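Engineer: Got a structure here, written out as structure tokens. Questions coming.
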Amino acid sequence: MTFGRSGAASVVLNVGGARYSLSRELLKDFPLRRVSRLHGCRSERDVLEVCDDYDRERNEYFFDRHSEAFGFILLYVRGHGKLRFAPRMCELSFYNEMIYWGLEGAHLEYCCQRRLDDRMSDTYTFYSADEPGAPGRDEARPGGGEAAPSRRWLERMRRTFEEPTSSLAAQILASVSVVFVIVSMVVLCASTLPDWRAAAADNRSLDDRSRYSAGPGREPSGIIEAICIGWFTAECIVRFIVSKNKCEFVKRPLNIIDLLAITPYYISVLMTVFTGENSQLQRAGVTLRVLRMMRIFWVIKLARHFIGLQTLGLTLKRCYREMVMLLVFICVAMAIFSALSQLLEHGLDLETSNKDFASIPAACWWVIISMTTVGYGDMYPITMPGRILGGVCVVSGIVLLALPITFIYHSFVQCYHELKFRSARYSRSLSAEFLN
């Protein structure tokens with residue numbers, strides 16, 4: 001039985017001096033989590049954990065909170081409107097009231113969400129139910145005991161490898177990883193230089209004379225590459241071991257990119273072992289050259305340490321509908337303009353026809369470089385109708401490409417704010433650790 005005066009058909013909520021009456025039937029399934037918890041209170045101690053004070057005789061529960069903000073929230077949960085900020089009230093204060101009563105930022109209207117994002121960006125404030133000391137954390141996990149030392153150690157290790165700004169050790173680890181990525185990219189680019197390839201060929205000829213005294217690992221580029229791969233492999237294995245969910249770890253895009261960057265090296269080593277270091281298959285094999293170029297995926301590993309690249313990936317993930325819409329616009333325009341340009345430049349007058357527009361697929365190349373205003377100049381219309389069509393094609397491309405950009409821009413800004421809040425949250429913990 002609910003704690004309070006027996007037989008009462010309703011309860012009274014006193015929020016900042018404003019009184020609201022609720023029936024006991026609605027109390028159990030009330031949308032606000034803090035209010036619905038009153039139904040399960042069995043003792044005075046349980047009641048005082050939910051509210052600030054109460055009057056058992058009048059079944060009145062007192063909450064020392066902002067009355068006007070609660071009025072807006074109550075109208076929203078009863079379905080009488082949309083949740084917006086209360087007038088003349090700080091956005092962060094209203095958001096704090098929302099978290100206290102059991103709502104989240106996603107319940108706000110989109111315009112108010114943007115105001116809240118801007119306000120948080122200015123003050124570097126971010127509330128989360130998973131943060132220590134955040135509003136609503138104690139009520140979300142009542143009676144939650146302290147985690148075991150082993151669990152805390154695994155969580156600390158996970159944050160060290162996954163969150164570059166979570167601690168001083170994480171920043172050092174991220175800096176070392178960035179150095180290895182840069183070194184590996186420099187070696188990959190330098191290995192394509194003619195002088196570098198000539199020097200590598202001379203080393204191979206020396207290896208042919210003394211195969212057992214000078215292997216492939218003796219070359220400077222081979223040694224540097226092996227060290228970088230060893231670091232990336234060890235980093236990936238440790239992150240897999242300390243991850244909470246192994247299946248979720250494998251599905252993450254950044255981890256898939258890590259595997260794509262590491263695996264080609266081991267495949268090429270195995271092929272070298274089975275086919276011989278100096279065999280014709282290795283020298284002319286297309287497969288090995290493709291596997292070697294797949295190491296360019298290493299540069300994407302920088303997304304783990306830079307907010308800008310993370311923002312780009314998150315924006316593309318959230319704006320895939322807009323990207324598909326943009327692709328559809330381009331394909332439709334390409335089909336229309338390529339058919340018209342082929343007809344005007346080649347199909348009407350076969351004697352003076354433009355051979356560059358001999359087919360619709362060939363005209364598609366001209367359409368795409370015209371719509372994107374690149375204009376390589378390798379093919380262009382020579383007839384007056386074709387040139388008029390080219391002008392229309394360029395203007396249409398500018399308009400079609402600009403239409404979805406607004407949606408993508410707003411999503412990019414929102415993703416950047418979210419990632420910046422997350423980074424700022426861990427930076428605060430880093431500052432506390434440094435001071436301690």
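Naming scheme: A, B, ... for chains in displayed order of the structure tokens; residues 1 onward per chain; ligands 1 onward as shown.
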Need to verify the contact set: range 71-87 of chain A, 8 Å, only C-alpha atoms, exclusion of same-chain residues closer than 4 positions in sequence. Can you return it as a PDB file with N, CA and C atoms, in the first residue's frame?

Structural biologist:
ATOM      1  N   PRO A  31       3.714  10.138 -16.393  1.00  0.00           N
ATOM      2  CA  PRO A  31       4.892  10.213 -17.275  1.00  0.00           C
ATOM      3  C   PRO A  31       6.165  10.692 -16.604  1.00  0.00           C
ATOM      4  N   LEU A  32       6.061  11.502 -15.555  1.00  0.00           N
ATOM      5  CA  LEU A  32       7.261  11.986 -14.877  1.00  0.00           C
ATOM      6  C   LEU A  32       7.749  10.931 -13.893  1.00  0.00           C
ATOM      7  N   SER A  67       8.321  26.493  -9.820  1.00  0.00           N
ATOM      8  CA  SER A  67       6.907  26.198 -10.076  1.00  0.00           C
ATOM      9  C   SER A  67       6.526  26.444 -11.535  1.00  0.00           C
ATOM     10  N   GLU A  91      18.171  28.661 -19.846  1.00  0.00           N
ATOM     11  CA  GLU A  91      17.989  27.367 -20.505  1.00  0.00           C
ATOM     12  C   GLU A  91      18.574  26.224 -19.683  1.00  0.00           C
ATOM     13  N   PHE A  94      16.241  25.434 -16.740  1.00  0.00           N
ATOM     14  CA  PHE A  94      15.068  24.678 -17.169  1.00  0.00           C
ATOM     15  C   PHE A  94      15.450  23.238 -17.496  1.00  0.00           C
ATOM     16  N   MET A  98      14.095  19.708 -15.949  1.00  0.00           N
ATOM     17  CA  MET A  98      13.649  18.565 -16.758  1.00  0.00           C
ATOM     18  C   MET A  98      14.294  17.273 -16.279  1.00  0.00           C
ATOM     19  N   HIS A 107      13.102  15.673 -25.498  1.00  0.00           N
ATOM     20  CA  HIS A 107      11.687  16.043 -25.406  1.00  0.00           C
ATOM     21  C   HIS A 107      11.441  17.492 -25.815  1.00  0.00           C
ATOM     22  N   LEU A 108      12.476  18.293 -25.870  1.00  0.00           N
ATOM     23  CA  LEU A 108      12.313  19.698 -26.245  1.00  0.00           C
ATOM     24  C   LEU A 108      12.024  19.845 -27.730  1.00  0.00           C
ATOM     25  N   GLU A 109      11.406  20.939 -28.082  1.00  0.00           N
ATOM     26  CA  GLU A 109      11.244  21.265 -29.493  1.00  0.00           C
ATOM     27  C   GLU A 109      12.623  21.509 -30.118  1.00  0.00           C
ATOM     28  N   CYS A 112      14.271  24.822 -29.428  1.00  0.00           N
ATOM     29  CA  CYS A 112      14.780  24.914 -28.053  1.00  0.00           C
ATOM     30  C   CYS A 112      16.004  24.030 -27.853  1.00  0.00           C
TER      31      CYS A 112
END

Engineer: Could you list, with a cut-off of 7 Å and counting only C-alpha atoms, the residues of range 298-333 of chain A near range 172-190 of chain A, each shown with its nearest atom pair and the distance in Å rounded to one decimal, rows sorted by chain and ascending number, as CSV?

Structural biologist:
residue,atom,partner,partner_atom,distance
A:Trp298,CA,A:Val181,CA,6.3
A:Val299,CA,A:Val181,CA,6.5
A:Leu302,CA,A:Val178,CA,6.6
A:His305,CA,A:Ala174,CA,6.5

Engineer: Let me see the file: selected residues, N, CA and C atoms, as a tab-separated table (two decimals), in the first residue's frame.

Structural biologist:
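Produced file part_6.tsv, reproduced below:
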chain	number	residue	atom	x	y	z
A	298	TRP	N	45.17	3.66	-42.92
A	298	TRP	CA	45.75	4.09	-41.64
A	298	TRP	C	45.44	5.54	-41.34
A	299	VAL	N	45.34	6.35	-42.39
A	299	VAL	CA	45.10	7.78	-42.14
A	299	VAL	C	43.72	8.00	-41.52
A	302	LEU	N	43.17	8.43	-37.70
A	302	LEU	CA	43.25	9.73	-37.03
A	302	LEU	C	41.89	10.20	-36.55
A	305	HIS	N	41.18	10.32	-32.88
A	305	HIS	CA	41.84	11.30	-32.03
A	305	HIS	C	41.49	12.74	-32.38

Engineer: Set the distance at 9 Å and use only C-alpha atoms: which residues neighbour Leu343 in chain A once local chain neighbours fewer than 4 positions away are removed? I'd like the list as a ChimeraX atom specification.

Structural biologist: /A:338-339,347-348,357,360

Engineer: Take the residues from that selection and put them in a file with N, CA and C atoms, as an mmCIF file, in the first residue's frame.

Structural biologist:
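Writing the result to selection-v2.cif gives the following:
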data_model
loop_
_atom_site.group_PDB
_atom_site.id
_atom_site.type_symbol
_atom_site.label_atom_id
_atom_site.label_comp_id
_atom_site.auth_asym_id
_atom_site.auth_seq_id
_atom_site.Cartn_x
_atom_site.Cartn_y
_atom_site.Cartn_z
ATOM 1 N N SER A 338 22.326 14.336 -70.331
ATOM 2 C CA SER A 338 23.172 13.521 -71.203
ATOM 3 C C SER A 338 22.424 13.104 -72.459
ATOM 4 N N ALA A 339 21.146 12.762 -72.325
ATOM 5 C CA ALA A 339 20.360 12.394 -73.512
ATOM 6 C C ALA A 339 20.169 13.592 -74.442
ATOM 7 N N GLY A 347 23.346 13.584 -82.625
ATOM 8 C CA GLY A 347 22.240 12.865 -83.262
ATOM 9 C C GLY A 347 21.532 13.624 -84.357
ATOM 10 N N LEU A 348 21.583 14.942 -84.368
ATOM 11 C CA LEU A 348 20.826 15.706 -85.361
ATOM 12 C C LEU A 348 21.562 15.804 -86.693
ATOM 13 N N PHE A 357 30.497 13.341 -78.021
ATOM 14 C CA PHE A 357 29.156 13.024 -77.537
ATOM 15 C C PHE A 357 28.544 11.902 -78.380
ATOM 16 N N ILE A 360 25.340 8.284 -75.016
ATOM 17 C CA ILE A 360 24.825 8.864 -73.772
ATOM 18 C C ILE A 360 25.779 8.628 -72.607
#

Engineer: In Å, rounded to a single decimal, give me how far CA of Tyr266 in chain A is from CA of Ala169 in chain A.

Structural biologist: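 That distance, rounded to one decimal, is 29.4 Å.
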
Engineer: Between A:Ile382, A:Ala69, A:Ile388, A:Leu316, which is the closest to Phe337 in chain A once you count only C-alpha atoms?

Structural biologist: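 Using only C-alpha atoms, Phe337 in chain A sits closest to A:Ile388.
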
Engineer: So which residues touch Ala362 in chain A within 12 Å, counting only C-alpha atoms, skipping near sequence neighbours fewer than 3 positions away, as a PDB file with N, CA and C atoms, in the first residue's frame?

Structural biologist:
ATOM      1  N   MET A 334      21.485  13.975 -64.636  1.00  0.00           N
ATOM      2  CA  MET A 334      22.469  13.395 -65.546  1.00  0.00           C
ATOM      3  C   MET A 334      21.781  12.660 -66.689  1.00  0.00           C
ATOM      4  N   ALA A 335      20.734  11.910 -66.379  1.00  0.00           N
ATOM      5  CA  ALA A 335      20.020  11.179 -67.423  1.00  0.00           C
ATOM      6  C   ALA A 335      19.375  12.138 -68.423  1.00  0.00           C
ATOM      7  N   PHE A 337      20.124  15.537 -69.072  1.00  0.00           N
ATOM      8  CA  PHE A 337      21.057  16.371 -69.823  1.00  0.00           C
ATOM      9  C   PHE A 337      21.961  15.552 -70.734  1.00  0.00           C
ATOM     10  N   SER A 338      22.326  14.336 -70.331  1.00  0.00           N
ATOM     11  CA  SER A 338      23.172  13.521 -71.203  1.00  0.00           C
ATOM     12  C   SER A 338      22.424  13.104 -72.459  1.00  0.00           C
ATOM     13  N   ALA A 339      21.146  12.762 -72.325  1.00  0.00           N
ATOM     14  CA  ALA A 339      20.360  12.394 -73.512  1.00  0.00           C
ATOM     15  C   ALA A 339      20.169  13.592 -74.442  1.00  0.00           C
ATOM     16  N   SER A 341      22.099  16.357 -74.625  1.00  0.00           N
ATOM     17  CA  SER A 341      23.377  16.775 -75.205  1.00  0.00           C
ATOM     18  C   SER A 341      23.825  15.818 -76.304  1.00  0.00           C
ATOM     19  N   GLN A 342      23.588  14.520 -76.137  1.00  0.00           N
ATOM     20  CA  GLN A 342      23.952  13.561 -77.198  1.00  0.00           C
ATOM     21  C   GLN A 342      23.123  13.800 -78.447  1.00  0.00           C
ATOM     22  N   GLU A 345      24.366  17.358 -80.023  1.00  0.00           N
ATOM     23  CA  GLU A 345      25.744  17.409 -80.505  1.00  0.00           C
ATOM     24  C   GLU A 345      26.066  16.314 -81.523  1.00  0.00           C
ATOM     25  N   HIS A 346      25.330  15.209 -81.489  1.00  0.00           N
ATOM     26  CA  HIS A 346      25.704  14.093 -82.355  1.00  0.00           C
ATOM     27  C   HIS A 346      24.539  13.522 -83.152  1.00  0.00           C
ATOM     28  N   ASN A 354      29.621  16.046 -83.142  1.00  0.00           N
ATOM     29  CA  ASN A 354      30.698  16.092 -82.153  1.00  0.00           C
ATOM     30  C   ASN A 354      30.975  14.673 -81.674  1.00  0.00           C
ATOM     31  N   LYS A 355      32.163  14.151 -82.011  1.00  0.00           N
ATOM     32  CA  LYS A 355      32.466  12.764 -81.688  1.00  0.00           C
ATOM     33  C   LYS A 355      32.601  12.524 -80.188  1.00  0.00           C
ATOM     34  N   ASP A 356      32.849  13.581 -79.416  1.00  0.00           N
ATOM     35  CA  ASP A 356      32.931  13.398 -77.962  1.00  0.00           C
ATOM     36  C   ASP A 356      31.591  13.004 -77.358  1.00  0.00           C
ATOM     37  N   PHE A 357      30.497  13.341 -78.021  1.00  0.00           N
ATOM     38  CA  PHE A 357      29.156  13.024 -77.537  1.00  0.00           C
ATOM     39  C   PHE A 357      28.544  11.902 -78.380  1.00  0.00           C
ATOM     40  N   ALA A 358      29.336  10.914 -78.719  1.00  0.00           N
ATOM     41  CA  ALA A 358      28.856   9.831 -79.586  1.00  0.00           C
ATOM     42  C   ALA A 358      27.843   8.933 -78.888  1.00  0.00           C
ATOM     43  N   SER A 359      27.828   8.901 -77.563  1.00  0.00           N
ATOM     44  CA  SER A 359      26.893   8.038 -76.833  1.00  0.00           C
ATOM     45  C   SER A 359      26.443   8.757 -75.573  1.00  0.00           C
ATOM     46  N   TRP A 365      29.693  11.899 -68.631  1.00  0.00           N
ATOM     47  CA  TRP A 365      30.911  12.471 -68.051  1.00  0.00           C
ATOM     48  C   TRP A 365      30.905  13.988 -68.179  1.00  0.00           C
ATOM     49  N   TRP A 366      30.502  14.490 -69.330  1.00  0.00           N
ATOM     50  CA  TRP A 366      30.437  15.947 -69.512  1.00  0.00           C
ATOM     51  C   TRP A 366      29.409  16.561 -68.577  1.00  0.00           C
ATOM     52  N   VAL A 367      28.276  15.890 -68.382  1.00  0.00           N
ATOM     53  CA  VAL A 367      27.221  16.416 -67.514  1.00  0.00           C
ATOM     54  C   VAL A 367      27.713  16.522 -66.070  1.00  0.00           C
ATOM     55  N   ILE A 368      28.395  15.484 -65.574  1.00  0.00           N
ATOM     56  CA  ILE A 368      28.792  15.495 -64.170  1.00  0.00           C
ATOM     57  C   ILE A 368      29.856  16.548 -63.901  1.00  0.00           C
ATOM     58  N   ILE A 369      30.815  16.752 -64.821  1.00  0.00           N
ATOM     59  CA  ILE A 369      31.833  17.778 -64.579  1.00  0.00           C
ATOM     60  C   ILE A 369      31.273  19.179 -64.807  1.00  0.00           C
ATOM     61  N   ASP A 378      38.141  18.642 -71.427  1.00  0.00           N
ATOM     62  CA  ASP A 378      38.457  17.567 -72.356  1.00  0.00           C
ATOM     63  C   ASP A 378      37.351  17.337 -73.383  1.00  0.00           C
ATOM     64  N   MET A 379      36.123  17.741 -73.050  1.00  0.00           N
ATOM     65  CA  MET A 379      35.009  17.659 -74.000  1.00  0.00           C
ATOM     66  C   MET A 379      34.049  18.812 -73.715  1.00  0.00           C
ATOM     67  N   TYR A 380      33.475  19.362 -74.788  1.00  0.00           N
ATOM     68  CA  TYR A 380      32.605  20.523 -74.640  1.00  0.00           C
ATOM     69  C   TYR A 380      31.710  20.606 -75.879  1.00  0.00           C
TER      70      TYR A 380
END

Engineer: Rounded to one decimal in Å, what is the spacing between CA of Glu104 in chain A and CA of Leu38 in chain A?

Structural biologist: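 Here the two named atoms are 20.1 Å from each other.
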
Engineer: Give me, as a ChimeraX atom specification, all polymer residues having an atom no more than 7 Å from range 9-21 of chain A, counting only C-alpha atoms and skipping those fewer than 3 positions away in the same chain.

Structural biologist: /A:24,59-67

Engineer: Just how far from CA of Phe249 in chain A is CA of Ser150 in chain A, in Å to one decimal?

Structural biologist: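 Between CA of Ser150 in chain A and CA of Phe249 in chain A the gap is 20.2 Å.
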
Engineer: Enumerate, in order of chain and increasing residue number, the residues of range 54-128 of chain A with an atom no farther than 12 Å from range 393-410 of chain A, each with its shortest atom pair and distance in Å to one decimal, counting only C-alpha atoms, as JSON lines.

Structural biologist:
{"residue": "A:Tyr110", "atom": "CA", "partner": "A:His410", "partner_atom": "CA", "distance": 11.4}
{"residue": "A:Cys111", "atom": "CA", "partner": "A:His410", "partner_atom": "CA", "distance": 11.8}
{"residue": "A:Arg114", "atom": "CA", "partner": "A:His410", "partner_atom": "CA", "distance": 9.8}
